[in-house]
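Take a look at the structure set out below.
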Amino acid sequence: MCNSTVQTLNDSCTLCSARCIDESQVPAGCKKDFQVTINSTGSEAQEGDEVTLTCVHNLPNVTLMFGWMKQLDELLKGKNKSQLVLEKLMTDKEGQYSCFVNSSCGNYESLPHSVTVSSSGVMVLIVCGVSALALVLIMGITMKYKLKRDNAKHRERMRQREQDQQSAGPAPFTPRES
């Protein structure tokens, strides 16, 4: 499986640089030489920020399959990429993330990487803003309805007064007493 380029590692471990040998053929002392780690654009973020986690490895270029886990037990579906982008972070995205690489050299997992999200009150502001807007809209619609109803009643009273004046004739003249 190897070409003529052979790399010698600690404890006289011989690994192929062009292709990886089968995991069963890698001496136990050599497995520690393959490493998977996480690089991050940030570990502490504010709500609404974006954090990119990158799975870094020193495995030879063979067929690799990446995966991501949260809290060491929740497999993140559809994340078969070396990068995991956490967009518009909220506190529910906070936790320990780890990546794993499955290859013909074996299966390797990174140590957990902690992502913390500081609450900046954005959610509270959004909820308050939406509530205030809804309240103003409801009050405006109610006022419009009441004004329309009051105008209709006023017009009806004026029409009724006009009819009463026409049917009664002119008002009687009463002299003023001195």
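Starting from 1 in every chain, residues are counted up; chains themselves are A, B, ... following the order of the structure tokens, and ligands are numbered from 1 as listed.
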I need the residues of stretch 40-174 of chain A that end up classed as strand (DSSP E or B) by DSSP on the backbone, written out as a tab-separated table (two decimals) with all heavy atoms, in the first residue's frame.
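out.tsv was written with the following content:
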```
chain	number	residue	atom	x	y	z
A	40	SER	N	-10.94	27.43	16.33
A	40	SER	CA	-12.18	28.19	16.42
A	40	SER	C	-11.94	29.67	16.17
A	40	SER	O	-10.87	30.19	16.49
A	40	SER	CB	-12.77	27.99	17.82
A	40	SER	OG	-13.86	28.85	18.02
A	44	GLU	N	-15.94	32.36	23.11
A	44	GLU	CA	-16.91	33.14	23.88
A	44	GLU	C	-17.54	34.14	22.92
A	44	GLU	O	-16.86	34.95	22.30
A	44	GLU	CB	-16.22	33.87	25.03
A	44	GLU	CG	-15.65	32.92	26.05
A	44	GLU	CD	-14.99	33.64	27.22
A	44	GLU	OE1	-15.22	34.84	27.39
A	44	GLU	OE2	-14.25	32.96	27.93
A	45	ALA	N	-18.86	34.06	22.80
A	45	ALA	CA	-19.56	34.91	21.84
A	45	ALA	C	-20.77	35.56	22.51
A	45	ALA	O	-21.24	35.09	23.54
A	45	ALA	CB	-20.01	34.08	20.65
A	46	GLN	N	-21.25	36.61	21.90
A	46	GLN	CA	-22.47	37.27	22.31
A	46	GLN	C	-23.63	36.67	21.52
A	46	GLN	O	-23.43	36.14	20.43
A	46	GLN	CB	-22.40	38.78	22.03
A	46	GLN	CG	-21.33	39.51	22.80
A	46	GLN	CD	-21.67	39.62	24.27
A	46	GLN	OE1	-22.81	39.82	24.66
A	46	GLN	NE2	-20.66	39.48	25.12
A	51	VAL	N	-19.84	31.79	15.12
A	51	VAL	CA	-18.59	31.11	15.47
A	51	VAL	C	-18.38	29.98	14.47
A	51	VAL	O	-19.30	29.23	14.16
A	51	VAL	CB	-18.64	30.55	16.91
A	51	VAL	CG1	-17.45	29.66	17.19
A	51	VAL	CG2	-18.71	31.67	17.93
A	52	THR	N	-17.15	29.88	13.95
A	52	THR	CA	-16.80	28.80	13.03
A	52	THR	C	-15.81	27.87	13.71
A	52	THR	O	-14.77	28.31	14.18
A	52	THR	CB	-16.18	29.37	11.73
A	52	THR	OG1	-17.11	30.27	11.14
A	52	THR	CG2	-15.84	28.26	10.76
A	53	LEU	N	-16.17	26.59	13.77
A	53	LEU	CA	-15.28	25.57	14.31
A	53	LEU	C	-14.71	24.78	13.14
A	53	LEU	O	-15.45	24.38	12.24
A	53	LEU	CB	-16.05	24.64	15.25
A	53	LEU	CG	-16.77	25.30	16.43
A	53	LEU	CD1	-17.56	24.26	17.21
A	53	LEU	CD2	-15.80	26.01	17.33
A	54	THR	N	-13.41	24.55	13.15
A	54	THR	CA	-12.75	23.82	12.07
A	54	THR	C	-12.07	22.59	12.65
A	54	THR	O	-11.32	22.68	13.61
A	54	THR	CB	-11.69	24.70	11.37
A	54	THR	OG1	-12.33	25.91	10.94
A	54	THR	CG2	-11.08	24.00	10.18
A	55	CYS	N	-12.36	21.44	12.04
A	55	CYS	CA	-11.76	20.18	12.46
A	55	CYS	C	-10.41	20.04	11.76
A	55	CYS	O	-10.34	19.97	10.53
A	55	CYS	CB	-12.69	19.03	12.09
A	55	CYS	SG	-12.29	17.47	12.89
A	56	VAL	N	-9.34	20.03	12.54
A	56	VAL	CA	-7.98	19.97	12.01
A	56	VAL	C	-7.39	18.59	12.35
A	56	VAL	O	-7.56	18.11	13.47
A	56	VAL	CB	-7.10	21.08	12.63
A	56	VAL	CG1	-5.70	21.02	12.08
A	56	VAL	CG2	-7.73	22.44	12.37
A	57	HIS	N	-6.71	17.99	11.38
A	57	HIS	CA	-6.13	16.65	11.61
A	57	HIS	C	-4.79	16.56	10.90
A	57	HIS	O	-4.46	17.38	10.04
A	57	HIS	CB	-7.08	15.57	11.09
A	57	HIS	CG	-7.32	15.67	9.62
A	57	HIS	ND1	-6.49	15.09	8.70
A	57	HIS	CD2	-8.27	16.32	8.92
A	57	HIS	CE1	-6.93	15.36	7.48
A	57	HIS	NE2	-8.01	16.11	7.60
A	64	LEU	N	-11.78	10.72	3.76
A	64	LEU	CA	-12.10	11.14	5.13
A	64	LEU	C	-13.59	11.46	5.23
A	64	LEU	O	-14.18	12.02	4.32
A	64	LEU	CB	-11.31	12.39	5.52
A	64	LEU	CG	-9.79	12.29	5.48
A	64	LEU	CD1	-9.17	13.64	5.73
A	64	LEU	CD2	-9.31	11.29	6.50
A	65	MET	N	-14.17	11.09	6.36
A	65	MET	CA	-15.55	11.46	6.65
A	65	MET	C	-15.55	12.19	7.99
A	65	MET	O	-15.04	11.67	8.99
A	65	MET	CB	-16.44	10.23	6.73
A	65	MET	CG	-17.90	10.60	6.84
A	65	MET	SD	-18.97	9.16	6.86
A	65	MET	CE	-19.04	8.88	8.60
A	66	PHE	N	-16.09	13.40	7.99
A	66	PHE	CA	-16.12	14.21	9.20
A	66	PHE	C	-17.48	14.12	9.86
A	66	PHE	O	-18.49	13.88	9.21
A	66	PHE	CB	-15.84	15.68	8.87
A	66	PHE	CG	-14.46	15.94	8.37
A	66	PHE	CD1	-14.17	15.93	7.02
A	66	PHE	CD2	-13.42	16.18	9.26
A	66	PHE	CE1	-12.90	16.16	6.55
A	66	PHE	CE2	-12.14	16.42	8.80
A	66	PHE	CZ	-11.88	16.41	7.45
A	67	GLY	N	-17.48	14.34	11.15
A	67	GLY	CA	-18.73	14.41	11.90
A	67	GLY	C	-18.56	15.33	13.08
A	67	GLY	O	-17.44	15.59	13.54
A	68	TRP	N	-19.67	15.84	13.58
A	68	TRP	CA	-19.66	16.76	14.71
A	68	TRP	C	-20.64	16.29	15.76
A	68	TRP	O	-21.71	15.78	15.46
A	68	TRP	CB	-20.04	18.18	14.25
A	68	TRP	CG	-18.99	18.80	13.40
A	68	TRP	CD1	-18.88	18.73	12.04
A	68	TRP	CD2	-17.87	19.57	13.86
A	68	TRP	NE1	-17.76	19.42	11.63
A	68	TRP	CE2	-17.14	19.95	12.72
A	68	TRP	CE3	-17.44	19.98	15.12
A	68	TRP	CZ2	-15.98	20.72	12.80
A	68	TRP	CZ3	-16.29	20.75	15.20
A	68	TRP	CH2	-15.58	21.11	14.05
A	69	MET	N	-20.23	16.48	17.01
A	69	MET	CA	-21.10	16.14	18.13
A	69	MET	C	-21.16	17.31	19.10
A	69	MET	O	-20.21	18.07	19.22
A	69	MET	CB	-20.56	14.90	18.86
A	69	MET	CG	-20.59	13.66	18.01
A	69	MET	SD	-20.06	12.21	18.91
A	69	MET	CE	-21.45	11.95	19.97
A	70	LYS	N	-22.29	17.40	19.78
A	70	LYS	CA	-22.46	18.40	20.83
A	70	LYS	C	-22.71	17.65	22.12
A	70	LYS	O	-23.49	16.69	22.15
A	70	LYS	CB	-23.65	19.32	20.50
A	70	LYS	CG	-23.86	20.39	21.54
A	70	LYS	CD	-25.04	21.27	21.17
A	70	LYS	CE	-25.29	22.25	22.29
A	70	LYS	NZ	-26.55	22.96	22.11
A	74	GLU	N	-24.81	14.10	21.32
A	74	GLU	CA	-25.78	14.57	20.33
A	74	GLU	C	-25.07	14.72	18.98
A	74	GLU	O	-24.30	15.65	18.76
A	74	GLU	CB	-26.37	15.91	20.77
A	74	GLU	CG	-27.38	16.49	19.82
A	74	GLU	CD	-27.82	17.88	20.25
A	74	GLU	OE1	-27.69	18.24	21.43
A	74	GLU	OE2	-28.29	18.61	19.37
A	75	LEU	N	-25.34	13.78	18.07
A	75	LEU	CA	-24.74	13.83	16.74
A	75	LEU	C	-25.45	14.90	15.93
A	75	LEU	O	-26.67	14.92	15.84
A	75	LEU	CB	-24.89	12.47	16.05
A	75	LEU	CG	-24.29	12.35	14.66
A	75	LEU	CD1	-22.77	12.52	14.72
A	75	LEU	CD2	-24.62	11.00	14.06
A	83	GLN	N	-15.78	21.97	8.57
A	83	GLN	CA	-16.12	23.19	9.31
A	83	GLN	C	-17.56	23.13	9.78
A	83	GLN	O	-18.44	22.63	9.09
A	83	GLN	CB	-15.95	24.44	8.44
A	83	GLN	CG	-14.55	24.90	8.30
A	83	GLN	CD	-14.47	26.31	7.71
A	83	GLN	OE1	-15.39	26.76	7.05
A	83	GLN	NE2	-13.37	26.98	7.96
A	84	LEU	N	-17.77	23.66	10.98
A	84	LEU	CA	-19.11	23.78	11.53
A	84	LEU	C	-19.33	25.26	11.84
A	84	LEU	O	-18.59	25.85	12.62
A	84	LEU	CB	-19.23	22.95	12.82
A	84	LEU	CG	-20.55	23.06	13.58
A	84	LEU	CD1	-21.70	22.50	12.74
A	84	LEU	CD2	-20.45	22.33	14.90
A	85	VAL	N	-20.31	25.86	11.17
A	85	VAL	CA	-20.60	27.28	11.36
A	85	VAL	C	-21.84	27.39	12.24
A	85	VAL	O	-22.91	26.90	11.89
A	85	VAL	CB	-20.83	27.99	10.01
A	85	VAL	CG1	-21.16	29.46	10.22
A	85	VAL	CG2	-19.61	27.84	9.12
A	86	LEU	N	-21.67	28.03	13.38
A	86	LEU	CA	-22.78	28.28	14.30
A	86	LEU	C	-23.21	29.73	14.08
A	86	LEU	O	-22.55	30.65	14.53
A	86	LEU	CB	-22.33	28.05	15.74
A	86	LEU	CG	-21.75	26.66	16.04
A	86	LEU	CD1	-21.17	26.62	17.44
A	86	LEU	CD2	-22.81	25.60	15.86
A	95	GLY	N	-22.28	25.01	24.60
A	95	GLY	CA	-21.96	23.65	25.01
A	95	GLY	C	-20.58	23.21	24.56
A	95	GLY	O	-19.77	23.99	24.08
A	96	GLN	N	-20.35	21.92	24.70
A	96	GLN	CA	-19.08	21.28	24.33
A	96	GLN	C	-19.25	20.65	22.94
A	96	GLN	O	-20.13	19.83	22.73
A	96	GLN	CB	-18.73	20.17	25.33
A	96	GLN	CG	-18.56	20.64	26.75
A	96	GLN	CD	-17.23	21.30	26.95
A	96	GLN	OE1	-16.24	20.91	26.34
A	96	GLN	NE2	-17.19	22.29	27.82
A	97	TYR	N	-18.39	21.04	22.01
A	97	TYR	CA	-18.43	20.49	20.66
A	97	TYR	C	-17.17	19.68	20.41
A	97	TYR	O	-16.09	20.04	20.86
A	97	TYR	CB	-18.50	21.62	19.62
A	97	TYR	CG	-19.84	22.31	19.59
A	97	TYR	CD1	-20.12	23.36	20.47
A	97	TYR	CD2	-20.82	21.92	18.69
A	97	TYR	CE1	-21.36	23.99	20.45
A	97	TYR	CE2	-22.05	22.55	18.66
A	97	TYR	CZ	-22.31	23.58	19.53
A	97	TYR	OH	-23.54	24.20	19.51
A	98	SER	N	-17.33	18.57	19.69
A	98	SER	CA	-16.17	17.78	19.30
A	98	SER	C	-16.38	17.30	17.87
A	98	SER	O	-17.51	17.17	17.40
A	98	SER	CB	-15.96	16.59	20.24
A	98	SER	OG	-17.08	15.74	20.22
A	99	CYS	N	-15.27	17.08	17.17
A	99	CYS	CA	-15.38	16.56	15.81
A	99	CYS	C	-14.71	15.19	15.78
A	99	CYS	O	-13.88	14.87	16.63
A	99	CYS	CB	-14.73	17.50	14.80
A	99	CYS	SG	-12.95	17.59	14.87
A	100	PHE	N	-15.10	14.41	14.80
A	100	PHE	CA	-14.45	13.12	14.62
A	100	PHE	C	-14.18	12.91	13.14
A	100	PHE	O	-14.85	13.47	12.28
A	100	PHE	CB	-15.28	11.96	15.21
A	100	PHE	CG	-16.66	11.83	14.66
A	100	PHE	CD1	-16.91	11.08	13.53
A	100	PHE	CD2	-17.73	12.46	15.30
A	100	PHE	CE1	-18.19	10.95	13.03
A	100	PHE	CE2	-19.01	12.33	14.80
A	100	PHE	CZ	-19.25	11.58	13.66
A	101	VAL	N	-13.13	12.14	12.88
A	101	VAL	CA	-12.73	11.84	11.52
A	101	VAL	C	-12.68	10.32	11.39
A	101	VAL	O	-12.00	9.65	12.15
A	101	VAL	CB	-11.33	12.44	11.19
A	101	VAL	CG1	-10.93	12.09	9.77
A	101	VAL	CG2	-11.33	13.93	11.40
A	102	ASN	N	-13.43	9.82	10.41
A	102	ASN	CA	-13.38	8.38	10.10
A	102	ASN	C	-12.60	8.24	8.80
A	102	ASN	O	-12.91	8.90	7.81
A	102	ASN	CB	-14.79	7.81	9.92
A	102	ASN	CG	-15.58	7.86	11.21
A	102	ASN	OD1	-15.01	7.86	12.30
A	102	ASN	ND2	-16.89	7.92	11.11
A	103	SER	N	-11.57	7.40	8.83
A	103	SER	CA	-10.75	7.19	7.63
A	103	SER	C	-10.28	5.75	7.62
A	103	SER	O	-10.54	4.98	8.54
A	103	SER	CB	-9.55	8.14	7.64
A	103	SER	OG	-8.61	7.72	8.60
A	106	GLY	N	-8.40	4.77	10.61
A	106	GLY	CA	-9.09	4.57	11.87
A	106	GLY	C	-10.04	5.72	12.15
A	106	GLY	O	-10.22	6.63	11.34
A	107	ASN	N	-10.65	5.65	13.30
A	107	ASN	CA	-11.59	6.67	13.72
A	107	ASN	C	-10.96	7.47	14.85
A	107	ASN	O	-10.53	6.91	15.85
A	107	ASN	CB	-12.89	6.03	14.20
A	107	ASN	CG	-13.51	5.16	13.11
A	107	ASN	OD1	-13.42	5.49	11.95
A	107	ASN	ND2	-14.12	4.06	13.51
A	108	TYR	N	-10.93	8.80	14.69
A	108	TYR	CA	-10.28	9.67	15.66
A	108	TYR	C	-11.23	10.79	16.04
A	108	TYR	O	-11.95	11.33	15.19
A	108	TYR	CB	-8.98	10.24	15.08
A	108	TYR	CG	-7.99	9.15	14.73
A	108	TYR	CD1	-7.98	8.57	13.46
A	108	TYR	CD2	-7.12	8.68	15.69
A	108	TYR	CE1	-7.11	7.56	13.16
A	108	TYR	CE2	-6.22	7.66	15.39
A	108	TYR	CZ	-6.22	7.10	14.13
A	108	TYR	OH	-5.36	6.09	13.83
A	109	GLU	N	-11.21	11.14	17.33
A	109	GLU	CA	-12.10	12.17	17.85
A	109	GLU	C	-11.28	13.24	18.56
A	109	GLU	O	-10.29	12.94	19.24
A	109	GLU	CB	-13.10	11.55	18.81
A	109	GLU	CG	-14.17	12.52	19.26
A	109	GLU	CD	-15.27	11.84	20.08
A	109	GLU	OE1	-15.49	10.63	19.92
A	109	GLU	OE2	-15.89	12.55	20.88
A	113	HIS	N	-14.47	21.04	22.70
A	113	HIS	CA	-14.18	22.48	22.61
A	113	HIS	C	-15.41	23.21	23.15
A	113	HIS	O	-16.52	23.02	22.66
A	113	HIS	CB	-13.91	22.88	21.17
A	113	HIS	CG	-13.59	24.33	21.00
A	113	HIS	ND1	-12.35	24.84	21.25
A	113	HIS	CD2	-14.37	25.37	20.63
A	113	HIS	CE1	-12.37	26.14	21.03
A	113	HIS	NE2	-13.60	26.49	20.66
A	114	SER	N	-15.22	24.04	24.15
A	114	SER	CA	-16.33	24.72	24.80
A	114	SER	C	-16.70	26.01	24.07
A	114	SER	O	-15.84	26.81	23.74
A	114	SER	CB	-15.94	25.05	26.25
A	114	SER	OG	-17.01	25.70	26.89
A	115	VAL	N	-18.00	26.18	23.81
A	115	VAL	CA	-18.53	27.41	23.23
A	115	VAL	C	-19.50	28.00	24.24
A	115	VAL	O	-20.47	27.34	24.64
A	115	VAL	CB	-19.24	27.15	21.89
A	115	VAL	CG1	-19.92	28.41	21.37
A	115	VAL	CG2	-18.27	26.60	20.87
A	116	THR	N	-19.22	29.22	24.70
A	116	THR	CA	-20.12	29.89	25.64
A	116	THR	C	-20.75	31.10	24.96
A	116	THR	O	-20.11	31.78	24.17
A	116	THR	CB	-19.37	30.34	26.91
A	116	THR	OG1	-18.29	31.19	26.54
A	116	THR	CG2	-18.81	29.15	27.68
A	117	VAL	N	-22.01	31.34	25.29
A	117	VAL	CA	-22.76	32.44	24.70
A	117	VAL	C	-23.23	33.35	25.82
A	117	VAL	O	-23.93	32.92	26.73
A	117	VAL	CB	-23.97	31.92	23.90
A	117	VAL	CG1	-24.75	33.08	23.28
A	117	VAL	CG2	-23.53	30.94	22.83
A	118	SER	N	-22.80	34.61	25.75
A	118	SER	CA	-23.22	35.59	26.75
A	118	SER	C	-24.52	36.23	26.30
A	118	SER	O	-24.64	36.67	25.16
A	118	SER	CB	-22.16	36.68	26.91
A	118	SER	OG	-20.94	36.11	27.33
```
### Task
Provide the atom CA of A:Gln35 to atom CA of A:Cys105 distance in Å, to one decimal place.
11.5 Å
### Task
Determine which residues of stretch 66-144 of chain A receive a DSSP assignment of helix (DSSP H, G or I), computed from the backbone, and state them as an NGL selection string.
:A and (91-93 or 122-144)
Could you take the residues named above and write them with N, CA and C atoms, as a PDB file, in the first residue's frame?
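The resulting result_10.pdb:
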```pdb
ATOM      1  N   THR A  91     -28.322  31.133  23.407  1.00  0.00           N
ATOM      2  CA  THR A  91     -27.801  30.343  24.517  1.00  0.00           C
ATOM      3  C   THR A  91     -28.041  28.845  24.334  1.00  0.00           C
ATOM      4  N   ASP A  92     -28.989  28.443  23.496  1.00  0.00           N
ATOM      5  CA  ASP A  92     -29.220  27.006  23.280  1.00  0.00           C
ATOM      6  C   ASP A  92     -28.084  26.353  22.494  1.00  0.00           C
ATOM      7  N   LYS A  93     -27.242  27.147  21.826  1.00  0.00           N
ATOM      8  CA  LYS A  93     -26.099  26.602  21.073  1.00  0.00           C
ATOM      9  C   LYS A  93     -24.858  26.465  21.956  1.00  0.00           C
ATOM     10  N   VAL A 122     -30.565  40.620  23.932  1.00  0.00           N
ATOM     11  CA  VAL A 122     -31.141  40.831  22.606  1.00  0.00           C
ATOM     12  C   VAL A 122     -32.536  40.223  22.538  1.00  0.00           C
ATOM     13  N   MET A 123     -32.683  39.039  23.085  1.00  0.00           N
ATOM     14  CA  MET A 123     -33.976  38.359  23.023  1.00  0.00           C
ATOM     15  C   MET A 123     -35.022  39.141  23.801  1.00  0.00           C
ATOM     16  N   VAL A 124     -34.660  39.650  24.962  1.00  0.00           N
ATOM     17  CA  VAL A 124     -35.593  40.428  25.769  1.00  0.00           C
ATOM     18  C   VAL A 124     -36.004  41.683  25.017  1.00  0.00           C
ATOM     19  N   LEU A 125     -35.041  42.348  24.386  1.00  0.00           N
ATOM     20  CA  LEU A 125     -35.355  43.545  23.609  1.00  0.00           C
ATOM     21  C   LEU A 125     -36.276  43.228  22.438  1.00  0.00           C
ATOM     22  N   ILE A 126     -36.040  42.127  21.782  1.00  0.00           N
ATOM     23  CA  ILE A 126     -36.881  41.738  20.652  1.00  0.00           C
ATOM     24  C   ILE A 126     -38.302  41.466  21.119  1.00  0.00           C
ATOM     25  N   VAL A 127     -38.450  40.705  22.199  1.00  0.00           N
ATOM     26  CA  VAL A 127     -39.782  40.387  22.720  1.00  0.00           C
ATOM     27  C   VAL A 127     -40.498  41.659  23.155  1.00  0.00           C
ATOM     28  N   CYS A 128     -39.802  42.544  23.869  1.00  0.00           N
ATOM     29  CA  CYS A 128     -40.418  43.801  24.311  1.00  0.00           C
ATOM     30  C   CYS A 128     -40.814  44.672  23.123  1.00  0.00           C
ATOM     31  N   GLY A 129     -39.952  44.765  22.133  1.00  0.00           N
ATOM     32  CA  GLY A 129     -40.245  45.569  20.958  1.00  0.00           C
ATOM     33  C   GLY A 129     -41.449  45.059  20.187  1.00  0.00           C
ATOM     34  N   VAL A 130     -41.507  43.746  19.990  1.00  0.00           N
ATOM     35  CA  VAL A 130     -42.632  43.153  19.269  1.00  0.00           C
ATOM     36  C   VAL A 130     -43.920  43.339  20.062  1.00  0.00           C
ATOM     37  N   SER A 131     -43.849  43.172  21.384  1.00  0.00           N
ATOM     38  CA  SER A 131     -45.035  43.362  22.230  1.00  0.00           C
ATOM     39  C   SER A 131     -45.527  44.800  22.169  1.00  0.00           C
ATOM     40  N   ALA A 132     -44.613  45.751  22.241  1.00  0.00           N
ATOM     41  CA  ALA A 132     -44.999  47.164  22.174  1.00  0.00           C
ATOM     42  C   ALA A 132     -45.633  47.491  20.822  1.00  0.00           C
ATOM     43  N   LEU A 133     -45.052  46.974  19.755  1.00  0.00           N
ATOM     44  CA  LEU A 133     -45.597  47.202  18.430  1.00  0.00           C
ATOM     45  C   LEU A 133     -47.003  46.617  18.308  1.00  0.00           C
ATOM     46  N   ALA A 134     -47.198  45.401  18.813  1.00  0.00           N
ATOM     47  CA  ALA A 134     -48.518  44.769  18.775  1.00  0.00           C
ATOM     48  C   ALA A 134     -49.531  45.590  19.575  1.00  0.00           C
ATOM     49  N   LEU A 135     -49.127  46.081  20.737  1.00  0.00           N
ATOM     50  CA  LEU A 135     -50.020  46.884  21.567  1.00  0.00           C
ATOM     51  C   LEU A 135     -50.422  48.172  20.854  1.00  0.00           C
ATOM     52  N   VAL A 136     -49.466  48.858  20.242  1.00  0.00           N
ATOM     53  CA  VAL A 136     -49.768  50.093  19.515  1.00  0.00           C
ATOM     54  C   VAL A 136     -50.710  49.816  18.348  1.00  0.00           C
ATOM     55  N   LEU A 137     -50.470  48.744  17.619  1.00  0.00           N
ATOM     56  CA  LEU A 137     -51.340  48.392  16.499  1.00  0.00           C
ATOM     57  C   LEU A 137     -52.755  48.092  16.970  1.00  0.00           C
ATOM     58  N   ILE A 138     -52.887  47.332  18.030  1.00  0.00           N
ATOM     59  CA  ILE A 138     -54.217  46.993  18.555  1.00  0.00           C
ATOM     60  C   ILE A 138     -54.941  48.255  19.013  1.00  0.00           C
ATOM     61  N   MET A 139     -54.226  49.130  19.724  1.00  0.00           N
ATOM     62  CA  MET A 139     -54.849  50.375  20.184  1.00  0.00           C
ATOM     63  C   MET A 139     -55.256  51.245  18.991  1.00  0.00           C
ATOM     64  N   GLY A 140     -54.424  51.342  17.986  1.00  0.00           N
ATOM     65  CA  GLY A 140     -54.746  52.137  16.802  1.00  0.00           C
ATOM     66  C   GLY A 140     -55.972  51.615  16.080  1.00  0.00           C
ATOM     67  N   ILE A 141     -56.039  50.318  15.900  1.00  0.00           N
ATOM     68  CA  ILE A 141     -57.194  49.716  15.222  1.00  0.00           C
ATOM     69  C   ILE A 141     -58.463  49.927  16.045  1.00  0.00           C
ATOM     70  N   THR A 142     -58.353  49.784  17.356  1.00  0.00           N
ATOM     71  CA  THR A 142     -59.514  50.001  18.237  1.00  0.00           C
ATOM     72  C   THR A 142     -59.979  51.447  18.160  1.00  0.00           C
ATOM     73  N   MET A 143     -59.064  52.393  18.210  1.00  0.00           N
ATOM     74  CA  MET A 143     -59.427  53.816  18.132  1.00  0.00           C
ATOM     75  C   MET A 143     -60.080  54.134  16.789  1.00  0.00           C
ATOM     76  N   LYS A 144     -59.556  53.589  15.715  1.00  0.00           N
ATOM     77  CA  LYS A 144     -60.137  53.836  14.403  1.00  0.00           C
ATOM     78  C   LYS A 144     -61.574  53.319  14.353  1.00  0.00           C
TER      79      LYS A 144
END
```
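Counting from atom CA of A:Leu111, the distance to atom CA of A:Met90 is 23.0 Å.
Proximity of A:Asp164, A:Val36, A:Ala152, A:Glu94 to A:Leu59, computed with only C-alpha atoms, is greatest for A:Val36.
Atom CA of A:Arg149 lies 27.2 Å from atom CA of A:Ser167.
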### Counting only C-alpha atoms, the residue of A:Lys81, A:Asp150, A:Asp49, A:Glu87 that sits nearest A:Ser119
A:Asp49
